[in-house]
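Enquirer: The structure follows.
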Amino acid sequence: MLLLGTGHETNTSLHLAEYLAAVDTPETTRSAPIYRDGERVEVEYRDIELDVSDFAALGEAFEAEGGCMRGSVGAAQSRICRQRSLVDFAVEYFETHR
């Protein structure tokens, strides 16, 4: 995974870890349009409350363990990481810190 000119605070792949972590997470109801019998309808579904407030700290902890390589692409500070390793790390991080 390449983070080009941004840090982990915008890394949406960390939401996968939120779904996988064994953490008591508040739930919410969302809605989305789908096609049912050829017609567009709005349906509601249950989801978890997503929380990005600790993504930057999580990313720093992952990088401190050598999880990413840093460099520049043009003028952009960038990071390259193995996404699976980051998500696995994030699951453990959430289970410990949330």
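Following the order of the structure tokens, chains are lettered A, B, ..., residues in each are numbered from 1, and ligands are numbered from 1.
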Could I get the residues of segment 3-41 of chain A with an atom no further than 10 Å from an atom of segment 79-87 of chain A, each paired with its nearest atom pair and that distance in Å to one decimal, using only C-alpha atoms, sorted by chain and residue number, as a tab-separated table?
Expert:
residue	atom	partner	partner_atom	distance
A:Leu3	CA	A:Arg79	CA	5.1
A:Leu4	CA	A:Arg79	CA	6.7
A:Gly5	CA	A:Arg79	CA	8.2
A:Thr6	CA	A:Arg79	CA	8.3
A:Gly7	CA	A:Arg79	CA	7.8
A:His8	CA	A:Arg79	CA	9.3
A:Ser13	CA	A:Val87	CA	7.3
A:Leu14	CA	A:Val87	CA	6.1
A:His15	CA	A:Val87	CA	8.7
A:Leu16	CA	A:Val87	CA	7.1
A:Ala17	CA	A:Val87	CA	5.4
A:Glu18	CA	A:Val87	CA	9.1
A:Leu20	CA	A:Val87	CA	9.0
A:Ala21	CA	A:Val87	CA	9.9
Enquirer: Write out the residues from the selection above, keeping N, CA and C atoms, as a PDB file, in the first residue's frame.
Expert:
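Now in selection.pdb:
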ATOM      1  N   LEU A   3       1.025   5.277   0.663  1.00  0.00           N
ATOM      2  CA  LEU A   3       0.428   6.513   1.147  1.00  0.00           C
ATOM      3  C   LEU A   3       1.233   7.635   0.519  1.00  0.00           C
ATOM      4  N   LEU A   4       0.655   8.304  -0.414  1.00  0.00           N
ATOM      5  CA  LEU A   4       1.355   9.302  -1.216  1.00  0.00           C
ATOM      6  C   LEU A   4       0.988  10.699  -0.730  1.00  0.00           C
ATOM      7  N   GLY A   5       1.910  11.330  -0.007  1.00  0.00           N
ATOM      8  CA  GLY A   5       1.688  12.686   0.472  1.00  0.00           C
ATOM      9  C   GLY A   5       0.716  12.789   1.634  1.00  0.00           C
ATOM     10  N   THR A   6       0.469  11.689   2.310  1.00  0.00           N
ATOM     11  CA  THR A   6      -0.447  11.696   3.449  1.00  0.00           C
ATOM     12  C   THR A   6       0.031  10.687   4.479  1.00  0.00           C
ATOM     13  N   GLY A   7      -0.544  10.765   5.665  1.00  0.00           N
ATOM     14  CA  GLY A   7      -0.187   9.832   6.725  1.00  0.00           C
ATOM     15  C   GLY A   7      -1.324   8.862   6.998  1.00  0.00           C
ATOM     16  N   HIS A   8      -1.179   8.144   8.087  1.00  0.00           N
ATOM     17  CA  HIS A   8      -2.166   7.115   8.426  1.00  0.00           C
ATOM     18  C   HIS A   8      -3.507   7.693   8.871  1.00  0.00           C
ATOM     19  N   SER A  13      -7.965   2.008   4.897  1.00  0.00           N
ATOM     20  CA  SER A  13      -7.859   0.556   5.066  1.00  0.00           C
ATOM     21  C   SER A  13      -7.872   0.179   6.547  1.00  0.00           C
ATOM     22  N   LEU A  14      -7.610   1.148   7.431  1.00  0.00           N
ATOM     23  CA  LEU A  14      -7.668   0.862   8.866  1.00  0.00           C
ATOM     24  C   LEU A  14      -9.098   0.639   9.350  1.00  0.00           C
ATOM     25  N   HIS A  15     -10.080   1.064   8.568  1.00  0.00           N
ATOM     26  CA  HIS A  15     -11.471   0.770   8.946  1.00  0.00           C
ATOM     27  C   HIS A  15     -11.719  -0.734   8.929  1.00  0.00           C
ATOM     28  N   LEU A  16     -11.053  -1.470   8.055  1.00  0.00           N
ATOM     29  CA  LEU A  16     -11.206  -2.928   8.047  1.00  0.00           C
ATOM     30  C   LEU A  16     -10.845  -3.492   9.414  1.00  0.00           C
ATOM     31  N   ALA A  17      -9.768  -3.000  10.006  1.00  0.00           N
ATOM     32  CA  ALA A  17      -9.360  -3.464  11.336  1.00  0.00           C
ATOM     33  C   ALA A  17     -10.424  -3.137  12.379  1.00  0.00           C
ATOM     34  N   GLU A  18     -11.123  -2.016  12.209  1.00  0.00           N
ATOM     35  CA  GLU A  18     -12.190  -1.693  13.146  1.00  0.00           C
ATOM     36  C   GLU A  18     -13.284  -2.760  13.115  1.00  0.00           C
ATOM     37  N   LEU A  20     -12.821  -5.916  12.237  1.00  0.00           N
ATOM     38  CA  LEU A  20     -12.264  -7.200  12.657  1.00  0.00           C
ATOM     39  C   LEU A  20     -11.927  -7.270  14.141  1.00  0.00           C
ATOM     40  N   ALA A  21     -11.667  -6.140  14.764  1.00  0.00           N
ATOM     41  CA  ALA A  21     -11.224  -6.134  16.165  1.00  0.00           C
ATOM     42  C   ALA A  21     -12.356  -6.559  17.103  1.00  0.00           C
TER      43      ALA A  21
END
Enquirer: Can you list, as a PyMOL selection string, all residues belonging to segment 7-95 of chain A that DSSP tags as helix (DSSP H, G or I)?
Expert: chain A and resi 8-10+14-20+55-64+83-95
Enquirer: Out of A:Met69, A:Ala57, A:Ala90, A:Val52, which residue has the shortest atom-to-atom distance to Thr12 of chain A when counting only C-alpha atoms?
Expert: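 For Thr12 of chain A, the nearest of the given residues is A:Val52.
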Enquirer: Based on the backbone DSSP call, show me all residues of chain A assigned strand (DSSP E or B), as a PDB file with N, CA and C atoms, in the first residue's frame.
Expert:
ATOM      1  N   LEU A   2       0.563   2.195  -0.785  1.00  0.00           N
ATOM      2  CA  LEU A   2       1.329   3.433  -0.883  1.00  0.00           C
ATOM      3  C   LEU A   2       0.497   4.584  -0.343  1.00  0.00           C
ATOM      4  N   LEU A   3       1.025   5.277   0.663  1.00  0.00           N
ATOM      5  CA  LEU A   3       0.428   6.513   1.147  1.00  0.00           C
ATOM      6  C   LEU A   3       1.233   7.635   0.519  1.00  0.00           C
ATOM      7  N   LEU A   4       0.655   8.304  -0.414  1.00  0.00           N
ATOM      8  CA  LEU A   4       1.355   9.302  -1.216  1.00  0.00           C
ATOM      9  C   LEU A   4       0.988  10.699  -0.730  1.00  0.00           C
ATOM     10  N   GLU A  27     -22.969   1.078  17.686  1.00  0.00           N
ATOM     11  CA  GLU A  27     -23.562   0.849  16.374  1.00  0.00           C
ATOM     12  C   GLU A  27     -24.416   2.028  15.963  1.00  0.00           C
ATOM     13  N   THR A  28     -24.669   2.101  14.675  1.00  0.00           N
ATOM     14  CA  THR A  28     -25.506   3.152  14.118  1.00  0.00           C
ATOM     15  C   THR A  28     -26.325   2.564  12.970  1.00  0.00           C
ATOM     16  N   THR A  29     -27.278   3.314  12.513  1.00  0.00           N
ATOM     17  CA  THR A  29     -28.052   2.926  11.333  1.00  0.00           C
ATOM     18  C   THR A  29     -27.676   3.875  10.203  1.00  0.00           C
ATOM     19  N   ARG A  30     -27.365   3.306   9.065  1.00  0.00           N
ATOM     20  CA  ARG A  30     -27.041   4.090   7.872  1.00  0.00           C
ATOM     21  C   ARG A  30     -28.032   3.720   6.783  1.00  0.00           C
ATOM     22  N   SER A  31     -28.001   4.474   5.705  1.00  0.00           N
ATOM     23  CA  SER A  31     -28.847   4.141   4.563  1.00  0.00           C
ATOM     24  C   SER A  31     -28.041   4.294   3.283  1.00  0.00           C
ATOM     25  N   ALA A  32     -28.473   3.573   2.274  1.00  0.00           N
ATOM     26  CA  ALA A  32     -27.804   3.615   0.976  1.00  0.00           C
ATOM     27  C   ALA A  32     -28.811   3.230  -0.107  1.00  0.00           C
ATOM     28  N   PRO A  33     -28.625   3.776  -1.302  1.00  0.00           N
ATOM     29  CA  PRO A  33     -29.507   3.394  -2.397  1.00  0.00           C
ATOM     30  C   PRO A  33     -29.069   2.066  -3.015  1.00  0.00           C
ATOM     31  N   ILE A  34     -30.035   1.233  -3.366  1.00  0.00           N
ATOM     32  CA  ILE A  34     -29.778  -0.002  -4.108  1.00  0.00           C
ATOM     33  C   ILE A  34     -30.872  -0.141  -5.169  1.00  0.00           C
ATOM     34  N   TYR A  35     -30.647  -1.061  -6.095  1.00  0.00           N
ATOM     35  CA  TYR A  35     -31.688  -1.379  -7.069  1.00  0.00           C
ATOM     36  C   TYR A  35     -32.353  -2.677  -6.642  1.00  0.00           C
ATOM     37  N   ARG A  36     -33.675  -2.631  -6.502  1.00  0.00           N
ATOM     38  CA  ARG A  36     -34.465  -3.802  -6.148  1.00  0.00           C
ATOM     39  C   ARG A  36     -35.584  -3.899  -7.170  1.00  0.00           C
ATOM     40  N   GLU A  39     -35.858  -1.047  -9.587  1.00  0.00           N
ATOM     41  CA  GLU A  39     -36.132   0.294  -9.080  1.00  0.00           C
ATOM     42  C   GLU A  39     -35.103   0.680  -8.031  1.00  0.00           C
ATOM     43  N   ARG A  40     -34.747   1.951  -8.041  1.00  0.00           N
ATOM     44  CA  ARG A  40     -33.807   2.474  -7.044  1.00  0.00           C
ATOM     45  C   ARG A  40     -34.574   2.761  -5.760  1.00  0.00           C
ATOM     46  N   VAL A  41     -34.122   2.111  -4.668  1.00  0.00           N
ATOM     47  CA  VAL A  41     -34.756   2.319  -3.367  1.00  0.00           C
ATOM     48  C   VAL A  41     -33.678   2.583  -2.321  1.00  0.00           C
ATOM     49  N   GLU A  42     -34.059   3.260  -1.277  1.00  0.00           N
ATOM     50  CA  GLU A  42     -33.160   3.537  -0.160  1.00  0.00           C
ATOM     51  C   GLU A  42     -33.398   2.469   0.905  1.00  0.00           C
ATOM     52  N   VAL A  43     -32.312   1.827   1.344  1.00  0.00           N
ATOM     53  CA  VAL A  43     -32.432   0.808   2.390  1.00  0.00           C
ATOM     54  C   VAL A  43     -31.581   1.221   3.590  1.00  0.00           C
ATOM     55  N   GLU A  44     -32.027   0.812   4.765  1.00  0.00           N
ATOM     56  CA  GLU A  44     -31.273   1.055   5.983  1.00  0.00           C
ATOM     57  C   GLU A  44     -30.536  -0.215   6.378  1.00  0.00           C
ATOM     58  N   TYR A  45     -29.376  -0.039   7.010  1.00  0.00           N
ATOM     59  CA  TYR A  45     -28.612  -1.175   7.517  1.00  0.00           C
ATOM     60  C   TYR A  45     -27.867  -0.759   8.778  1.00  0.00           C
ATOM     61  N   ARG A  46     -27.551  -1.752   9.593  1.00  0.00           N
ATOM     62  CA  ARG A  46     -26.812  -1.498  10.827  1.00  0.00           C
ATOM     63  C   ARG A  46     -25.322  -1.534  10.517  1.00  0.00           C
ATOM     64  N   ASP A  47     -24.582  -0.653  11.168  1.00  0.00           N
ATOM     65  CA  ASP A  47     -23.140  -0.556  10.959  1.00  0.00           C
ATOM     66  C   ASP A  47     -22.498  -0.149  12.278  1.00  0.00           C
ATOM     67  N   ILE A  48     -21.184  -0.185  12.333  1.00  0.00           N
ATOM     68  CA  ILE A  48     -20.486   0.298  13.513  1.00  0.00           C
ATOM     69  C   ILE A  48     -20.150   1.773  13.323  1.00  0.00           C
ATOM     70  N   CYS A  68       6.830   0.304   7.870  1.00  0.00           N
ATOM     71  CA  CYS A  68       6.744   1.040   6.612  1.00  0.00           C
ATOM     72  C   CYS A  68       8.118   1.561   6.219  1.00  0.00           C
ATOM     73  N   MET A  69       8.287   1.754   4.938  1.00  0.00           N
ATOM     74  CA  MET A  69       9.463   2.465   4.434  1.00  0.00           C
ATOM     75  C   MET A  69       8.991   3.851   4.032  1.00  0.00           C
ATOM     76  N   ARG A  70       9.803   4.858   4.344  1.00  0.00           N
ATOM     77  CA  ARG A  70       9.475   6.242   3.988  1.00  0.00           C
ATOM     78  C   ARG A  70      10.391   6.719   2.875  1.00  0.00           C
ATOM     79  N   GLY A  71       9.873   7.624   2.098  1.00  0.00           N
ATOM     80  CA  GLY A  71      10.654   8.231   1.038  1.00  0.00           C
ATOM     81  C   GLY A  71       9.860   9.344   0.400  1.00  0.00           C
ATOM     82  N   SER A  72      10.362   9.852  -0.690  1.00  0.00           N
ATOM     83  CA  SER A  72       9.682  10.924  -1.414  1.00  0.00           C
ATOM     84  C   SER A  72       9.300  10.438  -2.800  1.00  0.00           C
ATOM     85  N   VAL A  73       8.148  10.861  -3.233  1.00  0.00           N
ATOM     86  CA  VAL A  73       7.712  10.682  -4.612  1.00  0.00           C
ATOM     87  C   VAL A  73       7.440  12.097  -5.103  1.00  0.00           C
ATOM     88  N   ALA A  76       6.253  14.855  -2.575  1.00  0.00           N
ATOM     89  CA  ALA A  76       5.381  14.282  -1.553  1.00  0.00           C
ATOM     90  C   ALA A  76       6.123  13.302  -0.649  1.00  0.00           C
ATOM     91  N   GLN A  77       6.054  13.533   0.666  1.00  0.00           N
ATOM     92  CA  GLN A  77       6.531  12.538   1.613  1.00  0.00           C
ATOM     93  C   GLN A  77       5.589  11.344   1.516  1.00  0.00           C
ATOM     94  N   SER A  78       6.156  10.156   1.398  1.00  0.00           N
ATOM     95  CA  SER A  78       5.337   8.976   1.145  1.00  0.00           C
ATOM     96  C   SER A  78       5.778   7.816   2.019  1.00  0.00           C
ATOM     97  N   ARG A  79       4.874   6.854   2.158  1.00  0.00           N
ATOM     98  CA  ARG A  79       5.144   5.634   2.912  1.00  0.00           C
ATOM     99  C   ARG A  79       4.667   4.457   2.085  1.00  0.00           C
ATOM    100  N   ILE A  80       5.389   3.360   2.170  1.00  0.00           N
ATOM    101  CA  ILE A  80       4.943   2.122   1.544  1.00  0.00           C
ATOM    102  C   ILE A  80       4.953   1.046   2.625  1.00  0.00           C
ATOM    103  N   CYS A  81       3.840   0.339   2.727  1.00  0.00           N
ATOM    104  CA  CYS A  81       3.641  -0.657   3.789  1.00  0.00           C
ATOM    105  C   CYS A  81       2.940  -1.876   3.194  1.00  0.00           C
TER     106      CYS A  81
END
Enquirer: Quote the spacing between atom CA of Asp24 of chain A and atom CA of Glu9 of chain A in Å to one decimal place.
Expert: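 Atom CA of Glu9 of chain A lies 21.7 Å from atom CA of Asp24 of chain A.
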Enquirer: Counting only C-alpha atoms, figure out which residue out of A:Val23, A:Thr10, A:Met1, A:Gly59 gets nearest to Arg98 of chain A.
Expert: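 Between A:Val23, A:Thr10, A:Met1, A:Gly59, the residue approaching Arg98 of chain A most closely is A:Val23.
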Enquirer: May I ask for the distance between atom CA of Ala61 of chain A and atom CA of His97 of chain A, given in Å to one decimal place?
Expert: 11.7 Å
